[in-house]
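Quick look at data_26.cif (mmCIF, N, CA and C atoms):
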data_start
#
loop_
_atom_site.label_atom_id
_atom_site.label_comp_id
_atom_site.auth_asym_id
_atom_site.auth_seq_id
_atom_site.Cartn_x
_atom_site.Cartn_y
_atom_site.Cartn_z
N MET A 1 -81.68 93.60 16.02
CA MET A 1 -82.80 92.87 15.46
C MET A 1 -82.29 91.57 14.84
N ILE A 2 -83.11 90.54 14.96
CA ILE A 2 -82.81 89.25 14.37
C ILE A 2 -83.89 88.93 13.35
N ALA A 3 -83.49 88.43 12.18
CA ALA A 3 -84.44 88.02 11.16
C ALA A 3 -84.61 86.51 11.21
N LEU A 4 -85.86 86.07 11.15
CA LEU A 4 -86.18 84.65 11.14
C LEU A 4 -86.92 84.33 9.85
N THR A 5 -86.42 83.36 9.10
CA THR A 5 -87.06 82.99 7.85
C THR A 5 -87.34 81.49 7.82
N ALA A 6 -88.33 81.12 7.04
CA ALA A 6 -88.64 79.73 6.78
C ALA A 6 -89.33 79.67 5.43
N ALA A 7 -89.17 78.56 4.75
CA ALA A 7 -89.70 78.44 3.39
C ALA A 7 -91.22 78.23 3.37
N MET A 8 -91.72 77.40 4.25
CA MET A 8 -93.13 77.00 4.17
C MET A 8 -93.94 77.46 5.37
N GLN A 9 -95.23 77.60 5.18
CA GLN A 9 -96.14 78.10 6.21
C GLN A 9 -96.05 77.30 7.51
N PRO A 10 -96.07 75.96 7.48
CA PRO A 10 -95.99 75.25 8.76
C PRO A 10 -94.69 75.52 9.52
N GLU A 11 -93.62 75.84 8.80
CA GLU A 11 -92.32 76.09 9.43
C GLU A 11 -92.28 77.44 10.15
N ILE A 12 -93.07 78.41 9.69
CA ILE A 12 -93.02 79.76 10.25
C ILE A 12 -94.20 80.05 11.17
N GLU A 13 -95.23 79.20 11.12
CA GLU A 13 -96.48 79.49 11.83
C GLU A 13 -96.30 79.68 13.33
N LEU A 14 -95.58 78.78 13.99
CA LEU A 14 -95.39 78.90 15.44
C LEU A 14 -94.62 80.18 15.79
N ILE A 15 -93.66 80.53 14.96
CA ILE A 15 -92.92 81.77 15.19
C ILE A 15 -93.87 82.96 15.09
N LYS A 16 -94.68 82.99 14.03
CA LYS A 16 -95.62 84.11 13.84
C LYS A 16 -96.59 84.24 15.01
N LYS A 17 -97.10 83.10 15.48
CA LYS A 17 -98.06 83.11 16.59
C LYS A 17 -97.43 83.57 17.89
N SER A 18 -96.12 83.44 18.02
CA SER A 18 -95.42 83.77 19.26
C SER A 18 -94.95 85.22 19.32
N ILE A 19 -95.04 85.94 18.22
CA ILE A 19 -94.56 87.33 18.16
C ILE A 19 -95.51 88.24 18.93
N THR A 20 -94.94 89.06 19.81
CA THR A 20 -95.74 90.08 20.50
C THR A 20 -95.49 91.42 19.82
N GLU A 21 -96.43 92.32 20.01
CA GLU A 21 -96.38 93.65 19.38
C GLU A 21 -96.16 93.55 17.87
N PRO A 22 -96.94 92.67 17.18
CA PRO A 22 -96.70 92.47 15.76
C PRO A 22 -97.06 93.67 14.90
N GLU A 23 -96.23 93.91 13.91
CA GLU A 23 -96.47 94.96 12.90
C GLU A 23 -96.28 94.29 11.55
N LEU A 24 -97.32 94.32 10.73
CA LEU A 24 -97.28 93.69 9.43
C LEU A 24 -96.75 94.66 8.38
N ILE A 25 -95.77 94.21 7.62
CA ILE A 25 -95.19 95.00 6.53
C ILE A 25 -95.30 94.15 5.27
N HIS A 26 -96.07 94.63 4.32
CA HIS A 26 -96.31 93.86 3.10
C HIS A 26 -95.40 94.38 1.99
N TRP A 27 -94.76 93.45 1.26
CA TRP A 27 -93.89 93.81 0.13
C TRP A 27 -93.98 92.73 -0.93
N GLN A 28 -94.40 93.10 -2.13
CA GLN A 28 -94.37 92.22 -3.30
C GLN A 28 -94.94 90.82 -3.05
N GLY A 29 -96.00 90.74 -2.25
CA GLY A 29 -96.62 89.45 -1.98
C GLY A 29 -96.11 88.75 -0.72
N TRP A 30 -95.15 89.31 -0.06
CA TRP A 30 -94.62 88.73 1.18
C TRP A 30 -95.06 89.58 2.36
N ASP A 31 -95.39 88.90 3.46
CA ASP A 31 -95.75 89.58 4.70
C ASP A 31 -94.63 89.41 5.71
N PHE A 32 -93.99 90.50 6.02
CA PHE A 32 -92.96 90.53 7.06
C PHE A 32 -93.65 90.92 8.36
N ILE A 33 -93.37 90.18 9.41
CA ILE A 33 -93.94 90.51 10.71
C ILE A 33 -92.81 90.96 11.62
N LYS A 34 -92.89 92.22 11.99
CA LYS A 34 -91.89 92.82 12.87
C LYS A 34 -92.50 92.86 14.27
N GLY A 35 -91.70 92.54 15.27
CA GLY A 35 -92.21 92.57 16.64
C GLY A 35 -91.17 92.07 17.61
N LYS A 36 -91.66 91.44 18.68
CA LYS A 36 -90.76 90.93 19.72
C LYS A 36 -91.01 89.43 19.90
N LEU A 37 -89.92 88.73 20.16
CA LEU A 37 -89.98 87.30 20.46
C LEU A 37 -89.00 87.06 21.60
N PHE A 38 -89.53 86.62 22.73
CA PHE A 38 -88.71 86.42 23.94
C PHE A 38 -87.92 87.69 24.29
N GLY A 39 -88.57 88.83 24.09
CA GLY A 39 -87.97 90.12 24.43
C GLY A 39 -87.01 90.69 23.41
N GLU A 40 -86.74 89.95 22.34
CA GLU A 40 -85.82 90.40 21.29
C GLU A 40 -86.59 91.00 20.13
N ASP A 41 -86.06 92.06 19.53
CA ASP A 41 -86.64 92.61 18.31
C ASP A 41 -86.37 91.65 17.17
N ILE A 42 -87.44 91.29 16.45
CA ILE A 42 -87.28 90.35 15.35
C ILE A 42 -88.13 90.79 14.16
N VAL A 43 -87.82 90.22 13.03
CA VAL A 43 -88.68 90.28 11.85
C VAL A 43 -88.73 88.85 11.31
N ALA A 44 -89.93 88.40 10.97
CA ALA A 44 -90.10 87.02 10.50
C ALA A 44 -90.83 87.04 9.17
N VAL A 45 -90.49 86.07 8.31
CA VAL A 45 -91.15 85.99 7.01
C VAL A 45 -91.08 84.56 6.48
N GLN A 46 -92.13 84.20 5.76
CA GLN A 46 -92.13 82.95 5.01
C GLN A 46 -91.60 83.30 3.62
N THR A 47 -90.46 82.73 3.25
CA THR A 47 -89.81 83.11 2.00
C THR A 47 -90.43 82.46 0.77
N GLY A 48 -91.01 81.29 0.95
CA GLY A 48 -91.40 80.48 -0.18
C GLY A 48 -90.29 79.47 -0.45
N VAL A 49 -90.60 78.47 -1.25
CA VAL A 49 -89.68 77.37 -1.49
C VAL A 49 -88.67 77.71 -2.58
N GLY A 50 -87.43 77.37 -2.34
CA GLY A 50 -86.37 77.55 -3.33
C GLY A 50 -85.36 78.59 -2.90
N LYS A 51 -84.11 78.34 -3.30
CA LYS A 51 -83.05 79.24 -2.84
C LYS A 51 -83.10 80.61 -3.51
N VAL A 52 -83.68 80.71 -4.70
CA VAL A 52 -83.79 82.03 -5.33
C VAL A 52 -84.78 82.90 -4.56
N LEU A 53 -85.95 82.35 -4.24
CA LEU A 53 -86.91 83.11 -3.43
C LEU A 53 -86.31 83.44 -2.07
N ALA A 54 -85.67 82.46 -1.45
CA ALA A 54 -85.05 82.72 -0.14
C ALA A 54 -84.03 83.85 -0.22
N ALA A 55 -83.25 83.86 -1.29
CA ALA A 55 -82.23 84.91 -1.46
C ALA A 55 -82.87 86.27 -1.66
N ILE A 56 -83.90 86.34 -2.49
CA ILE A 56 -84.57 87.62 -2.76
C ILE A 56 -85.18 88.18 -1.49
N VAL A 57 -85.93 87.35 -0.77
CA VAL A 57 -86.62 87.82 0.43
C VAL A 57 -85.62 88.13 1.54
N THR A 58 -84.58 87.33 1.67
CA THR A 58 -83.55 87.59 2.68
C THR A 58 -82.83 88.90 2.38
N GLN A 59 -82.54 89.16 1.11
CA GLN A 59 -81.89 90.43 0.76
C GLN A 59 -82.80 91.61 1.09
N LYS A 60 -84.11 91.46 0.89
CA LYS A 60 -85.06 92.51 1.26
C LYS A 60 -85.02 92.75 2.76
N ILE A 61 -84.95 91.67 3.54
CA ILE A 61 -84.85 91.82 5.00
C ILE A 61 -83.58 92.59 5.36
N ILE A 62 -82.47 92.21 4.76
CA ILE A 62 -81.20 92.88 5.06
C ILE A 62 -81.25 94.35 4.68
N ASP A 63 -81.76 94.64 3.49
CA ASP A 63 -81.83 96.03 3.02
C ASP A 63 -82.78 96.88 3.86
N THR A 64 -83.88 96.30 4.29
CA THR A 64 -84.92 97.06 4.99
C THR A 64 -84.69 97.14 6.49
N PHE A 65 -84.25 96.05 7.10
CA PHE A 65 -84.22 95.98 8.56
C PHE A 65 -82.81 95.92 9.15
N SER A 66 -81.79 95.71 8.35
CA SER A 66 -80.40 95.61 8.83
C SER A 66 -80.25 94.72 10.06
N PRO A 67 -80.69 93.45 9.97
CA PRO A 67 -80.60 92.59 11.14
C PRO A 67 -79.15 92.24 11.49
N ALA A 68 -78.93 91.97 12.77
CA ALA A 68 -77.61 91.52 13.22
C ALA A 68 -77.36 90.09 12.78
N ALA A 69 -78.44 89.32 12.59
CA ALA A 69 -78.32 87.93 12.17
C ALA A 69 -79.57 87.52 11.41
N VAL A 70 -79.41 86.58 10.51
CA VAL A 70 -80.53 85.96 9.81
C VAL A 70 -80.49 84.48 10.14
N ILE A 71 -81.60 83.97 10.66
CA ILE A 71 -81.68 82.56 11.02
C ILE A 71 -82.77 81.92 10.19
N MET A 72 -82.40 80.86 9.47
CA MET A 72 -83.36 80.12 8.65
C MET A 72 -83.78 78.89 9.42
N SER A 73 -85.06 78.68 9.52
CA SER A 73 -85.59 77.51 10.20
C SER A 73 -86.41 76.71 9.21
N GLY A 74 -86.32 75.40 9.29
CA GLY A 74 -87.15 74.61 8.40
C GLY A 74 -86.78 73.15 8.40
N VAL A 75 -87.48 72.43 7.56
CA VAL A 75 -87.25 71.00 7.43
C VAL A 75 -86.27 70.75 6.30
N GLY A 76 -85.63 69.61 6.34
CA GLY A 76 -84.70 69.27 5.28
C GLY A 76 -84.37 67.79 5.33
N GLY A 77 -83.68 67.36 4.33
CA GLY A 77 -83.27 65.98 4.27
C GLY A 77 -81.82 65.83 4.66
N SER A 78 -81.40 64.58 4.74
CA SER A 78 -80.02 64.32 5.11
C SER A 78 -79.55 63.02 4.47
N ILE A 79 -78.29 62.99 4.12
CA ILE A 79 -77.70 61.74 3.65
C ILE A 79 -76.93 61.06 4.79
N ASN A 80 -76.90 61.69 5.94
CA ASN A 80 -76.23 61.15 7.12
C ASN A 80 -77.17 60.16 7.81
N PRO A 81 -76.82 58.88 7.87
CA PRO A 81 -77.71 57.89 8.48
C PRO A 81 -77.93 58.10 9.99
N GLU A 82 -77.09 58.92 10.62
CA GLU A 82 -77.26 59.19 12.05
C GLU A 82 -78.34 60.23 12.32
N ILE A 83 -78.77 60.92 11.28
CA ILE A 83 -79.81 61.93 11.44
C ILE A 83 -81.14 61.33 11.00
N LYS A 84 -82.08 61.34 11.94
CA LYS A 84 -83.39 60.70 11.74
C LYS A 84 -84.49 61.77 11.65
N ARG A 85 -85.63 61.34 11.13
CA ARG A 85 -86.79 62.23 11.04
C ARG A 85 -87.12 62.77 12.43
N GLY A 86 -87.31 64.08 12.52
CA GLY A 86 -87.64 64.73 13.79
C GLY A 86 -86.45 65.25 14.56
N ASP A 87 -85.23 64.89 14.16
CA ASP A 87 -84.04 65.42 14.83
C ASP A 87 -83.92 66.92 14.60
N LEU A 88 -83.43 67.61 15.60
CA LEU A 88 -83.13 69.03 15.48
C LEU A 88 -81.65 69.16 15.16
N VAL A 89 -81.34 69.76 14.03
CA VAL A 89 -79.97 69.82 13.55
C VAL A 89 -79.56 71.28 13.39
N ILE A 90 -78.41 71.61 13.94
CA ILE A 90 -77.82 72.94 13.78
C ILE A 90 -76.86 72.85 12.59
N GLY A 91 -77.12 73.65 11.57
CA GLY A 91 -76.28 73.63 10.37
C GLY A 91 -74.94 74.29 10.61
N LEU A 92 -73.88 73.54 10.44
CA LEU A 92 -72.53 74.08 10.66
C LEU A 92 -71.99 74.79 9.43
N ASP A 93 -72.50 74.41 8.26
CA ASP A 93 -72.05 75.05 7.02
C ASP A 93 -73.08 74.78 5.93
N SER A 94 -72.85 75.38 4.78
CA SER A 94 -73.76 75.24 3.65
C SER A 94 -72.97 74.93 2.39
N LEU A 95 -73.64 74.28 1.47
CA LEU A 95 -73.05 73.92 0.19
C LEU A 95 -74.16 73.92 -0.84
N GLN A 96 -73.89 74.45 -2.02
CA GLN A 96 -74.88 74.38 -3.10
C GLN A 96 -74.80 73.00 -3.71
N HIS A 97 -75.69 72.12 -3.27
CA HIS A 97 -75.64 70.72 -3.70
C HIS A 97 -75.86 70.57 -5.20
N ASP A 98 -76.55 71.51 -5.80
CA ASP A 98 -76.85 71.39 -7.23
C ASP A 98 -75.90 72.18 -8.13
N MET A 99 -74.86 72.73 -7.55
CA MET A 99 -73.84 73.44 -8.33
C MET A 99 -72.80 72.42 -8.77
N ASP A 100 -72.68 72.20 -10.06
CA ASP A 100 -71.73 71.21 -10.55
C ASP A 100 -70.98 71.76 -11.76
N ALA A 101 -69.82 72.33 -11.49
CA ALA A 101 -68.94 72.82 -12.56
C ALA A 101 -67.66 72.00 -12.58
N THR A 102 -67.78 70.71 -12.20
CA THR A 102 -66.61 69.84 -12.16
C THR A 102 -65.97 69.68 -13.54
N MET A 103 -66.75 69.79 -14.59
CA MET A 103 -66.19 69.65 -15.93
C MET A 103 -65.22 70.78 -16.28
N PHE A 104 -65.28 71.86 -15.47
CA PHE A 104 -64.37 72.99 -15.67
C PHE A 104 -63.25 73.02 -14.62
N GLY A 105 -63.16 71.94 -13.84
CA GLY A 105 -62.08 71.83 -12.86
C GLY A 105 -62.41 72.31 -11.47
N PHE A 106 -63.67 72.65 -11.22
CA PHE A 106 -64.08 73.09 -9.89
C PHE A 106 -64.60 71.90 -9.09
N LYS A 107 -64.60 72.03 -7.76
CA LYS A 107 -65.16 70.99 -6.90
C LYS A 107 -66.68 71.03 -7.04
N ARG A 108 -67.32 69.86 -6.85
CA ARG A 108 -68.78 69.85 -6.84
C ARG A 108 -69.25 70.75 -5.71
N GLY A 109 -70.15 71.65 -6.02
CA GLY A 109 -70.66 72.60 -5.04
C GLY A 109 -69.90 73.92 -5.02
N GLN A 110 -68.74 73.98 -5.62
CA GLN A 110 -67.97 75.22 -5.64
C GLN A 110 -68.58 76.19 -6.63
N ILE A 111 -68.67 77.44 -6.23
CA ILE A 111 -69.16 78.48 -7.12
C ILE A 111 -67.99 78.86 -8.02
N PRO A 112 -68.14 78.68 -9.34
CA PRO A 112 -67.01 78.91 -10.25
C PRO A 112 -66.36 80.28 -10.09
N TYR A 113 -65.05 80.27 -10.23
CA TYR A 113 -64.20 81.46 -10.18
C TYR A 113 -64.27 82.17 -8.84
N SER A 114 -64.53 81.38 -7.79
CA SER A 114 -64.54 81.94 -6.44
C SER A 114 -63.98 80.87 -5.49
N ASP A 115 -63.73 81.28 -4.28
CA ASP A 115 -63.29 80.34 -3.25
C ASP A 115 -64.48 79.74 -2.50
N TYR A 116 -65.71 80.14 -2.88
CA TYR A 116 -66.89 79.65 -2.18
C TYR A 116 -67.19 78.21 -2.56
N HIS A 117 -67.06 77.34 -1.59
CA HIS A 117 -67.37 75.93 -1.77
C HIS A 117 -68.24 75.52 -0.59
N ILE A 118 -67.63 75.26 0.53
CA ILE A 118 -68.37 75.00 1.75
C ILE A 118 -68.33 76.28 2.57
N ILE A 119 -69.50 76.83 2.83
CA ILE A 119 -69.60 78.14 3.48
C ILE A 119 -69.97 77.93 4.94
N PRO A 120 -69.07 78.30 5.87
CA PRO A 120 -69.34 78.05 7.29
C PRO A 120 -70.44 78.96 7.84
N SER A 121 -71.20 78.41 8.79
CA SER A 121 -72.18 79.21 9.51
C SER A 121 -71.45 80.07 10.54
N ASP A 122 -72.14 81.07 11.04
CA ASP A 122 -71.58 81.97 12.04
C ASP A 122 -71.29 81.20 13.33
N LYS A 123 -70.04 81.23 13.78
CA LYS A 123 -69.62 80.46 14.95
C LYS A 123 -70.35 80.87 16.22
N LYS A 124 -70.57 82.16 16.39
CA LYS A 124 -71.26 82.64 17.59
C LYS A 124 -72.71 82.15 17.61
N LEU A 125 -73.38 82.17 16.43
CA LEU A 125 -74.76 81.69 16.38
C LEU A 125 -74.83 80.19 16.64
N ILE A 126 -73.85 79.44 16.15
CA ILE A 126 -73.81 78.00 16.42
C ILE A 126 -73.66 77.78 17.93
N GLU A 127 -72.76 78.53 18.55
CA GLU A 127 -72.53 78.40 19.99
C GLU A 127 -73.82 78.69 20.77
N ILE A 128 -74.52 79.74 20.38
CA ILE A 128 -75.78 80.09 21.06
C ILE A 128 -76.80 78.96 20.88
N ALA A 129 -76.94 78.48 19.66
CA ALA A 129 -77.91 77.41 19.39
C ALA A 129 -77.59 76.16 20.18
N LEU A 130 -76.33 75.78 20.22
CA LEU A 130 -75.94 74.56 20.91
C LEU A 130 -76.04 74.67 22.43
N SER A 131 -76.16 75.90 22.94
CA SER A 131 -76.32 76.09 24.38
C SER A 131 -77.75 75.79 24.84
N TYR A 132 -78.67 75.62 23.89
CA TYR A 132 -80.06 75.32 24.19
C TYR A 132 -80.14 73.89 24.72
N LYS A 133 -80.59 73.73 25.94
CA LYS A 133 -80.52 72.41 26.59
C LYS A 133 -81.88 71.71 26.70
N LYS A 134 -82.97 72.32 26.24
CA LYS A 134 -84.29 71.71 26.41
C LYS A 134 -84.52 70.57 25.41
N GLU A 135 -83.81 70.55 24.33
CA GLU A 135 -83.95 69.51 23.31
C GLU A 135 -82.56 68.99 22.96
N LYS A 136 -82.51 67.71 22.57
CA LYS A 136 -81.23 67.17 22.12
C LYS A 136 -80.99 67.69 20.69
N LEU A 137 -79.87 68.33 20.51
CA LEU A 137 -79.52 68.89 19.21
C LEU A 137 -78.39 68.10 18.59
N LYS A 138 -78.44 68.01 17.28
CA LYS A 138 -77.36 67.41 16.53
C LYS A 138 -76.72 68.49 15.68
N GLN A 139 -75.54 68.22 15.21
CA GLN A 139 -74.84 69.16 14.33
C GLN A 139 -74.69 68.52 12.96
N GLY A 140 -74.79 69.31 11.94
CA GLY A 140 -74.64 68.74 10.60
C GLY A 140 -74.35 69.80 9.58
#

Show this structure as structure tokens.
Amino acid sequence: MIALTAAMQPEIELIKKSITEPELIHWQGWDFIKGKLFGEDIVAVQTGVGKVLAAIVTQKIIDTFSPAAVIMSGVGGSINPEIKRGDLVIGLDSLQHDMDATMFGFKRGQIPYSDYHIIPSDKKLIEIALSYKKEKLKQG
């Protein structure tokens, strides 16, 4: 099973409409839709905006459905001038942009007292995403 998440309704709507054999599972105000997408077992949910909500809802998906992968889809900004509005970007890694413990000797974005700074995305999932040839994809 693959879990698909997005923060906002417009980001998840097309996914929800494309699910066959949908089964609605309601939990604490969130609607998880379990079903099939392109023949694959999936569960999809709109997490709401913010990394805390995304973390809570994603952990519920992991605990309840034990997916092989969690894929987050959505819009975002970029400081890279080569990335323009409407570009499809495959995220190669993640960083907590608002984590700043530099005054304690950590790198900006580093989670204090850990080695977590720039967290790489799953290489196999990146490879699968980049094999999609119908749209021009960028990496970032």

Item to complete: Please write the residues picked by the PyMOL selection byres (((chain A and resi 126 and name CA) around 12) and name CA) on this file as a ChimeraX atom specification.
Response: /A:69,71,89-93,120-125,127-132,137-140

Export of prior selection with N, CA and C atoms as a PDB file, in the coordinates of the input:
ATOM      1  N   ALA A  69     -78.440  89.320  12.590  1.00  0.00           N
ATOM      2  CA  ALA A  69     -78.320  87.930  12.170  1.00  0.00           C
ATOM      3  C   ALA A  69     -79.570  87.520  11.410  1.00  0.00           C
ATOM      4  N   ILE A  71     -81.600  83.970  10.660  1.00  0.00           N
ATOM      5  CA  ILE A  71     -81.680  82.560  11.020  1.00  0.00           C
ATOM      6  C   ILE A  71     -82.770  81.920  10.190  1.00  0.00           C
ATOM      7  N   VAL A  89     -81.340  69.760  14.030  1.00  0.00           N
ATOM      8  CA  VAL A  89     -79.970  69.820  13.550  1.00  0.00           C
ATOM      9  C   VAL A  89     -79.560  71.280  13.390  1.00  0.00           C
ATOM     10  N   ILE A  90     -78.410  71.610  13.940  1.00  0.00           N
ATOM     11  CA  ILE A  90     -77.820  72.940  13.780  1.00  0.00           C
ATOM     12  C   ILE A  90     -76.860  72.850  12.590  1.00  0.00           C
ATOM     13  N   GLY A  91     -77.120  73.650  11.570  1.00  0.00           N
ATOM     14  CA  GLY A  91     -76.280  73.630  10.370  1.00  0.00           C
ATOM     15  C   GLY A  91     -74.940  74.290  10.610  1.00  0.00           C
ATOM     16  N   LEU A  92     -73.880  73.540  10.440  1.00  0.00           N
ATOM     17  CA  LEU A  92     -72.530  74.080  10.660  1.00  0.00           C
ATOM     18  C   LEU A  92     -71.990  74.790   9.430  1.00  0.00           C
ATOM     19  N   ASP A  93     -72.500  74.410   8.260  1.00  0.00           N
ATOM     20  CA  ASP A  93     -72.050  75.050   7.020  1.00  0.00           C
ATOM     21  C   ASP A  93     -73.080  74.780   5.930  1.00  0.00           C
ATOM     22  N   PRO A 120     -69.070  78.300   5.870  1.00  0.00           N
ATOM     23  CA  PRO A 120     -69.340  78.050   7.290  1.00  0.00           C
ATOM     24  C   PRO A 120     -70.440  78.960   7.840  1.00  0.00           C
ATOM     25  N   SER A 121     -71.200  78.410   8.790  1.00  0.00           N
ATOM     26  CA  SER A 121     -72.180  79.210   9.510  1.00  0.00           C
ATOM     27  C   SER A 121     -71.450  80.070  10.540  1.00  0.00           C
ATOM     28  N   ASP A 122     -72.140  81.070  11.040  1.00  0.00           N
ATOM     29  CA  ASP A 122     -71.580  81.970  12.040  1.00  0.00           C
ATOM     30  C   ASP A 122     -71.290  81.200  13.330  1.00  0.00           C
ATOM     31  N   LYS A 123     -70.040  81.230  13.780  1.00  0.00           N
ATOM     32  CA  LYS A 123     -69.620  80.460  14.950  1.00  0.00           C
ATOM     33  C   LYS A 123     -70.350  80.870  16.220  1.00  0.00           C
ATOM     34  N   LYS A 124     -70.570  82.160  16.390  1.00  0.00           N
ATOM     35  CA  LYS A 124     -71.260  82.640  17.590  1.00  0.00           C
ATOM     36  C   LYS A 124     -72.710  82.150  17.610  1.00  0.00           C
ATOM     37  N   LEU A 125     -73.380  82.170  16.430  1.00  0.00           N
ATOM     38  CA  LEU A 125     -74.760  81.690  16.380  1.00  0.00           C
ATOM     39  C   LEU A 125     -74.830  80.190  16.640  1.00  0.00           C
ATOM     40  N   GLU A 127     -72.760  78.530  18.550  1.00  0.00           N
ATOM     41  CA  GLU A 127     -72.530  78.400  19.990  1.00  0.00           C
ATOM     42  C   GLU A 127     -73.820  78.690  20.770  1.00  0.00           C
ATOM     43  N   ILE A 128     -74.520  79.740  20.380  1.00  0.00           N
ATOM     44  CA  ILE A 128     -75.780  80.090  21.060  1.00  0.00           C
ATOM     45  C   ILE A 128     -76.800  78.960  20.880  1.00  0.00           C
ATOM     46  N   ALA A 129     -76.940  78.480  19.660  1.00  0.00           N
ATOM     47  CA  ALA A 129     -77.910  77.410  19.390  1.00  0.00           C
ATOM     48  C   ALA A 129     -77.590  76.160  20.180  1.00  0.00           C
ATOM     49  N   LEU A 130     -76.330  75.780  20.220  1.00  0.00           N
ATOM     50  CA  LEU A 130     -75.940  74.560  20.910  1.00  0.00           C
ATOM     51  C   LEU A 130     -76.040  74.670  22.430  1.00  0.00           C
ATOM     52  N   SER A 131     -76.160  75.900  22.940  1.00  0.00           N
ATOM     53  CA  SER A 131     -76.320  76.090  24.380  1.00  0.00           C
ATOM     54  C   SER A 131     -77.750  75.790  24.840  1.00  0.00           C
ATOM     55  N   TYR A 132     -78.670  75.620  23.890  1.00  0.00           N
ATOM     56  CA  TYR A 132     -80.060  75.320  24.190  1.00  0.00           C
ATOM     57  C   TYR A 132     -80.140  73.890  24.720  1.00  0.00           C
ATOM     58  N   LEU A 137     -79.870  68.330  20.510  1.00  0.00           N
ATOM     59  CA  LEU A 137     -79.520  68.890  19.210  1.00  0.00           C
ATOM     60  C   LEU A 137     -78.390  68.100  18.590  1.00  0.00           C
ATOM     61  N   LYS A 138     -78.440  68.010  17.280  1.00  0.00           N
ATOM     62  CA  LYS A 138     -77.360  67.410  16.530  1.00  0.00           C
ATOM     63  C   LYS A 138     -76.720  68.490  15.680  1.00  0.00           C
ATOM     64  N   GLN A 139     -75.540  68.220  15.210  1.00  0.00           N
ATOM     65  CA  GLN A 139     -74.840  69.160  14.330  1.00  0.00           C
ATOM     66  C   GLN A 139     -74.690  68.520  12.960  1.00  0.00           C
ATOM     67  N   GLY A 140     -74.790  69.310  11.940  1.00  0.00           N
ATOM     68  CA  GLY A 140     -74.640  68.740  10.600  1.00  0.00           C
ATOM     69  C   GLY A 140     -74.350  69.800   9.580  1.00  0.00           C
TER      70      GLY A 140
END

Report the residues retrieved by the PyMOL selection byres (((chain A and resi 2 and name CA) around 6) and name CA) from the displayed file, expressed as a PDB file with N, CA and C atoms, keeping the file's coordinate frame.
ATOM      1  N   MET A   1     -81.680  93.600  16.020  1.00  0.00           N
ATOM      2  CA  MET A   1     -82.800  92.870  15.460  1.00  0.00           C
ATOM      3  C   MET A   1     -82.290  91.570  14.840  1.00  0.00           C
ATOM      4  N   ALA A   3     -83.490  88.430  12.180  1.00  0.00           N
ATOM      5  CA  ALA A   3     -84.440  88.020  11.160  1.00  0.00           C
ATOM      6  C   ALA A   3     -84.610  86.510  11.210  1.00  0.00           C
ATOM      7  N   ILE A  42     -87.440  91.290  16.450  1.00  0.00           N
ATOM      8  CA  ILE A  42     -87.280  90.350  15.350  1.00  0.00           C
ATOM      9  C   ILE A  42     -88.130  90.790  14.160  1.00  0.00           C
ATOM     10  N   PRO A  67     -80.690  93.450   9.970  1.00  0.00           N
ATOM     11  CA  PRO A  67     -80.600  92.590  11.140  1.00  0.00           C
ATOM     12  C   PRO A  67     -79.150  92.240  11.490  1.00  0.00           C
ATOM     13  N   ALA A  68     -78.930  91.970  12.770  1.00  0.00           N
ATOM     14  CA  ALA A  68     -77.610  91.520  13.220  1.00  0.00           C
ATOM     15  C   ALA A  68     -77.360  90.090  12.780  1.00  0.00           C
ATOM     16  N   ALA A  69     -78.440  89.320  12.590  1.00  0.00           N
ATOM     17  CA  ALA A  69     -78.320  87.930  12.170  1.00  0.00           C
ATOM     18  C   ALA A  69     -79.570  87.520  11.410  1.00  0.00           C
TER      19      ALA A  69
END

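Comparing A:Gln46, A:Gln110, A:Asn80, A:Ser66 by their smallest distance to A:Lys16, the closest is A:Gln46 (using only C-alpha atoms).
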
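Rounded to one decimal, atom CA of A:Lys84 and atom CA of A:Glu11 lie 17.9 Å from each other.
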
Discussion item. Applying 12 Å and only C-alpha atoms, which residues near A:Tyr116 remain after dropping the ones on its own chain fewer than 4 positions away? List them as a PyMOL selection string.
Written reply: chain A and resi 93-96+99+106-112+120

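As for atom N of A:Phe32 and atom N of A:Gly76, they are spaced 22.5 Å apart.
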
Discussion item. If the PyMOL selection byres (((chain A and resi 28 and name CA) around 12) and name CA) were run on this exact file, what residues would it hold? Put them as a ChimeraX atom specification.
Written reply: /A:25-27,29-32,47,53,56-57,60

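When only N, CA and C atoms are used to compute distances to A:Val43, the closest of the residues A:Thr64, A:Ser18, A:Thr5, A:Gln59 turns out to be A:Thr5.
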
Item to complete: Name the residues of chain A that fall into alpha helix (DSSP H) according to DSSP on the backbone, using the chain letters and numbers of this document, as a ChimeraX atom specification.
Response: /A:9-18,51-65,123-130

Discussion item. Using Å and a single decimal, report how far atom CA of A:Ala55 sits from atom CA of A:Gly35.
Written reply: 22.0 Å

Item to complete: Can you check which residues of stretch 3-44 of chain A DSSP gives as strand (DSSP E) on the backbone and send them as JSON, numbers by chain?
Response: {"A": [3, 4, 5, 6, 20, 21, 22, 23, 24, 25, 26, 27, 30, 31, 32, 33, 34, 35, 36, 37, 40, 41, 42, 43, 44]}

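Residue nearest A:Phe38, chosen from A:Met8, A:Ile15, A:Met72, A:Ile61 and counting only C-alpha atoms: A:Ile15.
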
Fill in: Residue contacts of A:Ile19 (8 Å, all atoms listed in the file) excluding same-chain residues fewer than 5 positions away, as a ChimeraX atom specification
/A:14,33-38

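Restricting the calculation to only C-alpha atoms, the smallest distance between A:Ile62 and any of A:Tyr113, A:Leu4, A:Glu82, A:Ile118 is found for A:Leu4.
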